[in-house]
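Source file: protein-v8.txt; contents: compact mmCIF, C-alpha atoms and all ligand atoms.
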# COMPACT_ATOMS: atom_id res chain seq x y z
CA MET A 1 81.77 93.14 66.39
CA LYS A 2 79.45 90.50 67.83
CA ILE A 3 76.90 92.73 69.53
CA ASP A 4 74.73 95.45 68.01
CA GLN A 5 74.94 99.18 68.66
CA GLY A 6 71.78 99.23 70.79
CA THR A 7 73.25 96.61 73.14
CA ILE A 8 76.57 98.50 73.28
CA GLU A 9 74.71 101.65 74.37
CA ARG A 10 72.62 99.76 76.89
CA LEU A 11 75.65 98.06 78.48
CA ALA A 12 77.50 101.41 78.59
CA ALA A 13 74.53 103.04 80.34
CA HIS A 14 74.33 100.12 82.77
CA LEU A 15 78.04 100.12 83.67
CA GLU A 16 78.18 103.89 83.94
CA SER A 17 75.17 104.03 86.25
CA CYS A 18 76.80 101.38 88.43
CA GLU A 19 79.84 103.68 88.59
CA LEU A 20 77.88 106.86 89.34
CA GLU A 21 75.60 105.18 91.88
CA ALA A 22 78.35 103.05 93.47
CA ARG A 23 76.48 99.80 92.78
CA ASP A 24 78.07 96.54 91.74
CA THR A 25 76.96 94.17 89.00
CA GLY A 26 77.80 90.78 87.52
CA LYS A 27 80.37 90.70 84.71
CA ILE A 28 78.83 91.42 81.32
CA THR A 29 80.45 88.45 79.57
CA ASP A 30 78.10 86.22 81.62
CA GLU A 31 75.25 87.63 79.54
CA TYR A 32 77.27 88.16 76.32
CA PRO A 33 79.88 85.35 76.23
CA ASP A 34 80.52 85.94 72.51
CA MET A 35 81.46 89.61 72.77
CA ASP A 36 84.82 90.43 71.17
CA TRP A 37 87.59 92.96 71.86
CA ASP A 38 86.02 95.56 69.58
CA ASP A 39 82.74 95.24 71.46
CA ALA A 40 84.55 95.70 74.77
CA TYR A 41 86.32 98.88 73.64
CA ALA A 42 83.13 100.10 71.94
CA ILE A 43 81.31 99.91 75.29
CA GLN A 44 84.17 101.82 76.94
CA ASP A 45 83.97 104.44 74.14
CA ALA A 46 80.22 104.78 74.65
CA ILE A 47 80.82 105.43 78.38
CA ARG A 48 83.36 108.08 77.39
CA GLN A 49 80.82 109.68 75.00
CA ARG A 50 78.19 109.77 77.75
CA LYS A 51 80.61 111.62 80.03
CA VAL A 52 81.75 114.06 77.34
CA GLY A 53 78.09 114.66 76.47
CA ARG A 54 77.47 115.76 80.05
CA GLY A 55 80.39 118.18 79.93
CA CYS A 56 83.14 116.04 81.48
CA ARG A 57 86.63 116.58 80.20
CA ILE A 58 88.84 113.59 79.43
CA VAL A 59 92.14 114.49 81.11
CA GLY A 60 94.19 111.45 80.34
CA LEU A 61 94.62 107.77 79.67
CA LYS A 62 95.65 104.72 81.61
CA ALA A 63 97.29 101.38 81.07
CA GLY A 64 96.30 98.58 83.44
CA LEU A 65 97.37 95.03 84.22
CA THR A 66 100.89 95.91 83.06
CA SER A 67 102.74 94.16 85.93
CA HIS A 68 102.88 90.44 86.76
CA ALA A 69 101.74 91.29 90.30
CA LYS A 70 98.54 92.82 88.91
CA MET A 71 98.00 90.19 86.19
CA LYS A 72 98.36 87.41 88.76
CA GLN A 73 96.09 89.16 91.24
CA MET A 74 93.32 89.58 88.67
CA GLY A 75 93.90 86.31 86.76
CA VAL A 76 94.49 87.87 83.32
CA GLU A 77 97.54 87.90 81.06
CA THR A 78 97.24 90.98 78.87
CA PRO A 79 97.33 94.70 79.63
CA CYS A 80 94.26 96.85 78.99
CA PHE A 81 93.70 100.55 78.39
CA GLY A 82 91.20 103.13 79.58
CA PHE A 83 90.64 106.85 80.07
CA ILE A 84 90.56 109.20 83.05
CA ALA A 85 88.14 112.10 83.39
CA ASP A 86 88.32 115.42 85.23
CA TYR A 87 86.11 114.45 88.19
CA MET A 88 88.36 111.46 88.96
CA ALA A 89 91.22 113.73 90.05
CA VAL A 90 91.81 114.06 93.79
CA PRO A 91 94.00 117.01 94.80
CA GLU A 92 97.38 116.11 96.29
CA GLY A 93 96.85 115.34 100.00
CA GLY A 94 93.10 115.60 99.43
CA GLU A 95 90.13 113.47 100.38
CA CYS A 96 88.57 110.61 98.51
CA LYS A 97 85.03 109.79 99.59
CA VAL A 98 84.54 106.04 99.94
CA ALA A 99 80.73 106.42 99.94
CA GLU A 100 81.01 107.38 96.25
CA LEU A 101 82.81 104.11 95.50
CA ILE A 102 82.02 100.39 95.73
CA HIS A 103 85.21 98.68 97.00
CA PRO A 104 88.18 100.95 96.28
CA LYS A 105 91.76 99.73 96.03
CA VAL A 106 94.96 101.74 95.58
CA GLU A 107 97.81 101.15 93.16
CA PRO A 108 101.28 102.76 93.11
CA GLU A 109 102.05 104.02 89.62
CA ILE A 110 104.38 106.21 87.57
CA ALA A 111 102.45 108.94 85.74
CA PHE A 112 103.72 110.34 82.43
CA VAL A 113 102.85 113.75 80.96
CA THR A 114 103.51 114.06 77.24
CA LYS A 115 104.77 117.14 75.40
CA HIS A 116 104.39 115.64 71.91
CA ALA A 117 101.74 113.38 70.44
CA LEU A 118 102.63 109.67 70.26
CA ARG A 119 101.42 107.59 67.38
CA GLY A 120 101.86 103.90 66.59
CA PRO A 121 102.36 101.45 65.05
CA GLY A 122 105.96 100.81 66.02
CA CYS A 123 105.96 103.13 69.00
CA HIS A 124 108.79 102.10 71.36
CA ILE A 125 110.21 103.28 74.67
CA GLY A 126 112.66 105.61 72.91
CA ALA A 127 109.80 107.45 71.23
CA VAL A 128 107.91 107.57 74.53
CA LEU A 129 110.88 109.03 76.41
CA ALA A 130 111.43 111.62 73.66
CA ALA A 131 107.78 112.69 73.83
CA THR A 132 107.57 112.79 77.64
CA ASP A 133 107.63 116.17 79.33
CA PHE A 134 108.02 114.73 82.85
CA VAL A 135 107.08 111.79 85.05
CA MET A 136 105.73 111.91 88.59
CA PRO A 137 104.35 109.67 91.32
CA GLY A 138 100.67 108.77 91.04
CA ILE A 139 98.24 106.70 93.08
CA GLU A 140 95.37 105.22 91.15
CA VAL A 141 92.18 104.36 93.03
CA ILE A 142 90.50 101.54 91.11
CA ASP A 143 86.94 100.44 91.79
CA SER A 144 85.69 97.64 89.57
CA ARG A 145 81.98 97.84 89.02
CA TYR A 146 81.98 94.02 89.05
CA ARG A 147 80.98 92.15 92.19
CA ASP A 148 84.01 91.23 94.33
CA PHE A 149 86.38 92.56 91.61
CA LYS A 150 85.70 89.36 89.62
CA PHE A 151 86.00 89.88 85.88
CA ASP A 152 87.67 88.78 82.68
CA LEU A 153 89.61 91.06 80.36
CA LYS A 154 86.71 91.97 78.05
CA SER A 155 84.44 92.83 80.97
CA VAL A 156 87.07 95.03 82.61
CA ILE A 157 87.84 96.85 79.34
CA ALA A 158 84.13 97.62 78.90
CA ASP A 159 84.15 98.94 82.49
CA ASN A 160 86.88 101.46 81.60
CA THR A 161 89.48 99.29 83.35
CA SER A 162 88.03 100.01 86.82
CA ALA A 163 89.05 103.70 86.62
CA ALA A 164 87.63 105.67 89.55
CA ARG A 165 89.97 108.25 91.12
CA PHE A 166 93.65 109.21 90.98
CA VAL A 167 96.10 111.62 92.54
CA VAL A 168 99.39 112.75 91.04
CA GLY A 169 102.01 115.00 92.57
CA GLY A 170 105.37 114.86 94.29
CA ARG A 171 108.34 116.07 92.27
CA PRO A 172 107.93 116.00 88.51
CA VAL A 173 111.21 114.91 86.92
CA ALA A 174 112.56 114.77 83.40
CA VAL A 175 113.04 111.21 82.12
CA SER A 176 116.76 111.95 81.69
CA GLU A 177 117.02 112.40 85.47
CA VAL A 178 115.72 108.99 86.48
CA ASP A 179 116.20 105.34 85.54
CA LEU A 180 112.58 104.27 85.38
CA ARG A 181 113.53 100.59 85.59
CA THR A 182 115.39 100.72 88.87
CA VAL A 183 113.48 103.56 90.50
CA GLY A 184 112.20 102.31 93.87
CA ILE A 185 108.74 102.85 95.28
CA VAL A 186 107.28 102.49 98.78
CA LEU A 187 103.56 102.53 99.46
CA GLU A 188 102.54 103.51 102.98
CA VAL A 189 99.14 103.04 104.57
CA ASN A 190 98.60 104.94 107.83
CA GLY A 191 102.33 105.55 108.15
CA GLU A 192 103.29 101.91 107.72
CA ALA A 193 105.29 100.83 104.66
CA VAL A 194 103.21 98.03 103.19
CA SER A 195 104.39 97.41 99.65
CA PHE A 196 107.55 97.97 97.69
CA GLY A 197 108.65 97.72 94.13
CA ALA A 198 110.69 99.06 91.24
CA GLY A 199 109.63 100.55 87.92
CA ALA A 200 110.73 97.47 85.97
CA ALA A 201 107.76 95.57 87.44
CA VAL A 202 105.75 97.30 84.72
CA LEU A 203 106.63 95.49 81.46
CA GLY A 204 110.36 95.82 82.17
CA HIS A 205 110.11 99.62 81.84
CA PRO A 206 107.02 101.78 82.54
CA ALA A 207 107.51 103.58 79.20
CA ALA A 208 106.78 100.24 77.50
CA ALA A 209 103.21 100.52 78.82
CA ILE A 210 102.86 103.93 77.15
CA ALA A 211 104.28 102.56 73.87
CA MET A 212 101.82 99.68 74.04
CA LEU A 213 98.98 102.16 74.54
CA ALA A 214 100.09 104.19 71.49
CA ASN A 215 100.25 101.00 69.40
CA HIS A 216 96.83 99.94 70.65
CA LEU A 217 95.32 103.34 69.75
CA ALA A 218 96.95 103.24 66.30
CA LYS A 219 94.87 100.17 65.44
CA ARG A 220 91.84 102.36 65.99
CA GLY A 221 93.25 105.34 64.07
CA GLU A 222 93.93 107.29 67.28
CA GLU A 223 97.00 108.68 69.00
CA ILE A 224 98.08 109.88 72.44
CA PRO A 225 97.71 113.66 72.23
CA ALA A 226 100.42 116.04 73.47
CA GLY A 227 99.71 117.16 77.04
CA SER A 228 98.16 113.85 78.10
CA LEU A 229 98.49 112.50 81.61
CA ILE A 230 98.97 108.73 81.44
CA LEU A 231 99.00 106.27 84.31
CA SER A 232 101.35 103.44 83.36
CA GLY A 233 99.87 100.75 85.61
CA GLY A 234 100.15 99.38 89.14
CA ILE A 235 103.68 98.29 90.11
CA THR A 236 102.43 96.05 92.93
CA GLU A 237 99.16 94.30 93.75
CA ALA A 238 96.29 96.70 94.43
CA LEU A 239 95.47 97.18 98.13
CA ALA A 240 91.93 97.53 99.49
CA VAL A 241 91.34 100.72 101.50
CA LYS A 242 88.61 101.97 103.83
CA ALA A 243 87.44 105.25 105.31
CA GLY A 244 90.06 106.60 107.69
CA ASP A 245 93.05 105.31 105.70
CA ALA A 246 95.81 107.69 104.65
CA VAL A 247 97.89 106.45 101.72
CA THR A 248 101.27 107.83 100.64
CA LEU A 249 103.41 106.78 97.71
CA ARG A 250 107.14 107.59 97.82
CA VAL A 251 109.10 107.27 94.62
CA GLN A 252 112.90 107.47 94.71
CA GLY A 253 114.02 110.96 93.69
CA MET A 254 110.45 111.96 92.86
CA GLY A 255 109.09 112.87 96.29
CA SER A 256 105.75 111.61 97.51
CA VAL A 257 102.06 111.94 96.85
CA GLY A 258 99.15 111.01 99.06
CA LEU A 259 95.44 111.10 99.74
CA ARG A 260 93.05 110.29 102.57
CA PHE A 261 89.95 108.13 102.41
CA VAL A 262 86.97 109.55 104.27
C1 LIG B 1 91.84 96.66 86.36
C2 LIG B 1 92.64 97.91 86.32
C3 LIG B 1 94.10 97.64 86.55
C4 LIG B 1 96.40 98.64 86.85
O1 LIG B 1 97.10 99.62 87.12
O2 LIG B 1 96.87 97.50 86.75
C5 LIG B 1 94.94 98.86 86.68
C6 LIG B 1 91.65 96.13 87.75
O3 LIG B 1 92.57 95.51 88.30
O4 LIG B 1 90.56 96.31 88.32
O5 LIG B 1 94.53 99.99 86.71
MG MG B 2 96.04 101.34 87.55
Starting from the file, give its structure as structure tokens.
Ligand code: OOG
Ligand code: MG
Amino acid sequence: MKIDQGTIERLAAHLESCELEARDTGKITDEYPDMDWDDAYAIQDAIRQRKVGRGCRIVGLKAGLTSHAKMKQMGVETPCFGFIADYMAVPEGGECKVAELIHPKVEPEIAFVTKHALRGPGCHIGAVLAATDFVMPGIEVIDSRYRDFKFDLKSVIADNTSAARFVVGGRPVAVSEVDLRTVGIVLEVNGEAVSFGAGAAVLGHPAAAIAMLANHLAKRGEEIPAGSLILSGGITEALAVKAGDAVTLRVQGMGSVGLRFV
């Protein structure tokens, strides 16, 4: 760790207020260029503690920057991990209020729900598939607290990997029913199909993102609990949305899920 606990708490309070007040800020590595990976995750943990302290429930986890499309778009080369909280959930077909967000973008993702805990090190896609109860379509709404979505990996980790809102739904399917590498996805905005992809865009197999998350948590003495909802990462580039947009994600054999921005 390169920064002290007081600074960690202060940066967590700053980033979380930017989130809750829908205000942007410069990236924190501008002020703390020497911060390390532990500092970045410690700030994210402090944000999580603030939320739990106010009575929020942590409902799941997320992997981000797991596809080349996303890594290229954001100019980083390594995945990152964050958490999702109860108030971030939008009901299927429900409304997402853009006034509560800074500059939202949507990402088509495959969501996993676990039935057994997953613990690294050495977690692999076989273990992930064995521990998965079902998978379903999910749209993540990301909203970096950094001005113009400009950040580096440490800054985005501290900012809970831009987590803001998400919707899951469609048809939950057992992993034995679907080939998650070849499964096709179509993202529609206002009825027009705008981006396309296949599961393999995410690290060759979306379950690899979940394994990577378990191995990351293991280094911190943590695991993925049974019953977790996990977003495995955007398959395509994220798309900016505005009030009035209706977004639908169709996943082959898994139905569709959508939300409206108001
Ligand atoms: C970071 C979060 C990325 C994903 O699915 O790749 C993410 C960002 O791009 O702002 O959630
Ligand atoms: Mg995402």
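Between Arg181 of chain A and the residues A:Arg145, A:Asp34, A:Leu213, A:Ile125, the shortest atom-to-atom distance, using all atoms listed in the file, involves A:Ile125.
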### Cut-off 8 Å, all atoms listed in the file, neighbours of ligand LIG 1 (chain B) as a PyMOL selection string
chain A and resi 62-67+70-71+73-74+79-80+107-109+140+142-144+149+156+161-163+231-235+238
For atom CA of Gly94 of chain A and atom CA of Glu188 of chain A, quote the distance in Å rounded to one decimal.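 Between these atoms lies a distance of 15.7 Å.
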Can you tell me, as JSON, the centre and edge lengths (Å, one decimal) of the axis-aligned box enclosing all of segment 207-217 of chain A's listed atoms after padding each side by 3 Å?
{"center_x": 101.4, "center_y": 101.9, "center_z": 74.3, "size_x": 18.2, "size_y": 10.5, "size_z": 15.8}
Atom CA of Tyr32 of chain A sits from atom CA of Gly75 of chain A at a separation of 19.7 Å
Generate the missing atoms of segment 178-201 of chain A up to N, CA, C and O atoms and report them as a PDB file, in the coordinates of the input.
ATOM      1  N   VAL A 178     116.096 110.160  85.679  1.00  0.00           N
ATOM      2  CA  VAL A 178     115.720 108.990  86.480  1.00  0.00           C
ATOM      3  C   VAL A 178     115.822 107.734  85.611  1.00  0.00           C
ATOM      4  O   VAL A 178     115.556 107.776  84.406  1.00  0.00           O
ATOM      5  N   ASP A 179     116.257 106.628  86.238  1.00  0.00           N
ATOM      6  CA  ASP A 179     116.200 105.340  85.540  1.00  0.00           C
ATOM      7  C   ASP A 179     114.872 104.690  85.942  1.00  0.00           C
ATOM      8  O   ASP A 179     114.726 104.197  87.074  1.00  0.00           O
ATOM      9  N   LEU A 180     113.927 104.729  85.038  1.00  0.00           N
ATOM     10  CA  LEU A 180     112.580 104.270  85.380  1.00  0.00           C
ATOM     11  C   LEU A 180     112.489 102.773  85.633  1.00  0.00           C
ATOM     12  O   LEU A 180     111.495 102.285  86.134  1.00  0.00           O
ATOM     13  N   ARG A 181     113.562 102.029  85.295  1.00  0.00           N
ATOM     14  CA  ARG A 181     113.530 100.590  85.590  1.00  0.00           C
ATOM     15  C   ARG A 181     113.888 100.316  87.034  1.00  0.00           C
ATOM     16  O   ARG A 181     113.284  99.489  87.707  1.00  0.00           O
ATOM     17  N   THR A 182     114.901 101.025  87.524  1.00  0.00           N
ATOM     18  CA  THR A 182     115.390 100.720  88.870  1.00  0.00           C
ATOM     19  C   THR A 182     114.802 101.638  89.934  1.00  0.00           C
ATOM     20  O   THR A 182     115.066 101.455  91.120  1.00  0.00           O
ATOM     21  N   VAL A 183     114.015 102.616  89.528  1.00  0.00           N
ATOM     22  CA  VAL A 183     113.480 103.560  90.500  1.00  0.00           C
ATOM     23  C   VAL A 183     112.616 102.804  91.530  1.00  0.00           C
ATOM     24  O   VAL A 183     111.767 101.982  91.167  1.00  0.00           O
ATOM     25  N   GLY A 184     112.892 103.044  92.803  1.00  0.00           N
ATOM     26  CA  GLY A 184     112.200 102.310  93.870  1.00  0.00           C
ATOM     27  C   GLY A 184     110.950 103.030  94.337  1.00  0.00           C
ATOM     28  O   GLY A 184     110.872 104.265  94.301  1.00  0.00           O
ATOM     29  N   ILE A 185     109.972 102.249  94.748  1.00  0.00           N
ATOM     30  CA  ILE A 185     108.740 102.850  95.280  1.00  0.00           C
ATOM     31  C   ILE A 185     108.373 102.176  96.618  1.00  0.00           C
ATOM     32  O   ILE A 185     108.611 100.994  96.823  1.00  0.00           O
ATOM     33  N   VAL A 186     107.790 102.994  97.496  1.00  0.00           N
ATOM     34  CA  VAL A 186     107.280 102.490  98.780  1.00  0.00           C
ATOM     35  C   VAL A 186     105.862 103.006  98.931  1.00  0.00           C
ATOM     36  O   VAL A 186     105.616 104.206  98.758  1.00  0.00           O
ATOM     37  N   LEU A 187     104.936 102.120  99.223  1.00  0.00           N
ATOM     38  CA  LEU A 187     103.560 102.530  99.460  1.00  0.00           C
ATOM     39  C   LEU A 187     103.285 102.414 100.954  1.00  0.00           C
ATOM     40  O   LEU A 187     103.528 101.363 101.550  1.00  0.00           O
ATOM     41  N   GLU A 188     102.816 103.506 101.541  1.00  0.00           N
ATOM     42  CA  GLU A 188     102.540 103.510 102.980  1.00  0.00           C
ATOM     43  C   GLU A 188     101.044 103.675 103.220  1.00  0.00           C
ATOM     44  O   GLU A 188     100.403 104.509 102.589  1.00  0.00           O
ATOM     45  N   VAL A 189     100.532 102.881 104.145  1.00  0.00           N
ATOM     46  CA  VAL A 189      99.140 103.040 104.570  1.00  0.00           C
ATOM     47  C   VAL A 189      99.182 103.359 106.061  1.00  0.00           C
ATOM     48  O   VAL A 189      99.768 102.605 106.844  1.00  0.00           O
ATOM     49  N   ASN A 190      98.616 104.487 106.431  1.00  0.00           N
ATOM     50  CA  ASN A 190      98.600 104.940 107.830  1.00  0.00           C
ATOM     51  C   ASN A 190     100.003 104.929 108.436  1.00  0.00           C
ATOM     52  O   ASN A 190     100.206 104.477 109.561  1.00  0.00           O
ATOM     53  N   GLY A 191     100.962 105.397 107.655  1.00  0.00           N
ATOM     54  CA  GLY A 191     102.330 105.550 108.150  1.00  0.00           C
ATOM     55  C   GLY A 191     103.156 104.279 108.102  1.00  0.00           C
ATOM     56  O   GLY A 191     104.358 104.302 108.350  1.00  0.00           O
ATOM     57  N   GLU A 192     102.541 103.161 107.764  1.00  0.00           N
ATOM     58  CA  GLU A 192     103.290 101.910 107.720  1.00  0.00           C
ATOM     59  C   GLU A 192     103.616 101.543 106.274  1.00  0.00           C
ATOM     60  O   GLU A 192     102.724 101.548 105.407  1.00  0.00           O
ATOM     61  N   ALA A 193     104.883 101.229 106.018  1.00  0.00           N
ATOM     62  CA  ALA A 193     105.290 100.830 104.660  1.00  0.00           C
ATOM     63  C   ALA A 193     104.745  99.440 104.396  1.00  0.00           C
ATOM     64  O   ALA A 193     105.085  98.492 105.102  1.00  0.00           O
ATOM     65  N   VAL A 194     103.866  99.318 103.405  1.00  0.00           N
ATOM     66  CA  VAL A 194     103.210  98.030 103.190  1.00  0.00           C
ATOM     67  C   VAL A 194     103.567  97.349 101.874  1.00  0.00           C
ATOM     68  O   VAL A 194     103.488  96.136 101.756  1.00  0.00           O
ATOM     69  N   SER A 195     103.921  98.110 100.851  1.00  0.00           N
ATOM     70  CA  SER A 195     104.390  97.410  99.650  1.00  0.00           C
ATOM     71  C   SER A 195     105.490  98.193  98.967  1.00  0.00           C
ATOM     72  O   SER A 195     105.602  99.410  99.116  1.00  0.00           O
ATOM     73  N   PHE A 196     106.298  97.454  98.230  1.00  0.00           N
ATOM     74  CA  PHE A 196     107.550  97.970  97.690  1.00  0.00           C
ATOM     75  C   PHE A 196     107.696  97.471  96.265  1.00  0.00           C
ATOM     76  O   PHE A 196     107.182  96.411  95.931  1.00  0.00           O
ATOM     77  N   GLY A 197     108.430  98.214  95.483  1.00  0.00           N
ATOM     78  CA  GLY A 197     108.650  97.720  94.130  1.00  0.00           C
ATOM     79  C   GLY A 197     109.642  98.591  93.386  1.00  0.00           C
ATOM     80  O   GLY A 197     110.235  99.526  93.939  1.00  0.00           O
ATOM     81  N   ALA A 198     109.821  98.283  92.124  1.00  0.00           N
ATOM     82  CA  ALA A 198     110.690  99.060  91.240  1.00  0.00           C
ATOM     83  C   ALA A 198     109.954  99.205  89.913  1.00  0.00           C
ATOM     84  O   ALA A 198     109.110  98.371  89.556  1.00  0.00           O
ATOM     85  N   GLY A 199     110.300 100.254  89.180  1.00  0.00           N
ATOM     86  CA  GLY A 199     109.630 100.550  87.920  1.00  0.00           C
ATOM     87  C   GLY A 199     109.577  99.388  86.943  1.00  0.00           C
ATOM     88  O   GLY A 199     108.585  99.195  86.234  1.00  0.00           O
ATOM     89  N   ALA A 200     110.651  98.578  86.938  1.00  0.00           N
ATOM     90  CA  ALA A 200     110.730  97.470  85.970  1.00  0.00           C
ATOM     91  C   ALA A 200     109.609  96.456  86.125  1.00  0.00           C
ATOM     92  O   ALA A 200     109.374  95.651  85.214  1.00  0.00           O
ATOM     93  N   ALA A 201     108.902  96.488  87.263  1.00  0.00           N
ATOM     94  CA  ALA A 201     107.760  95.570  87.440  1.00  0.00           C
ATOM     95  C   ALA A 201     106.735  95.783  86.342  1.00  0.00           C
ATOM     96  O   ALA A 201     105.976  94.881  86.007  1.00  0.00           O
TER      97      ALA A 201
END
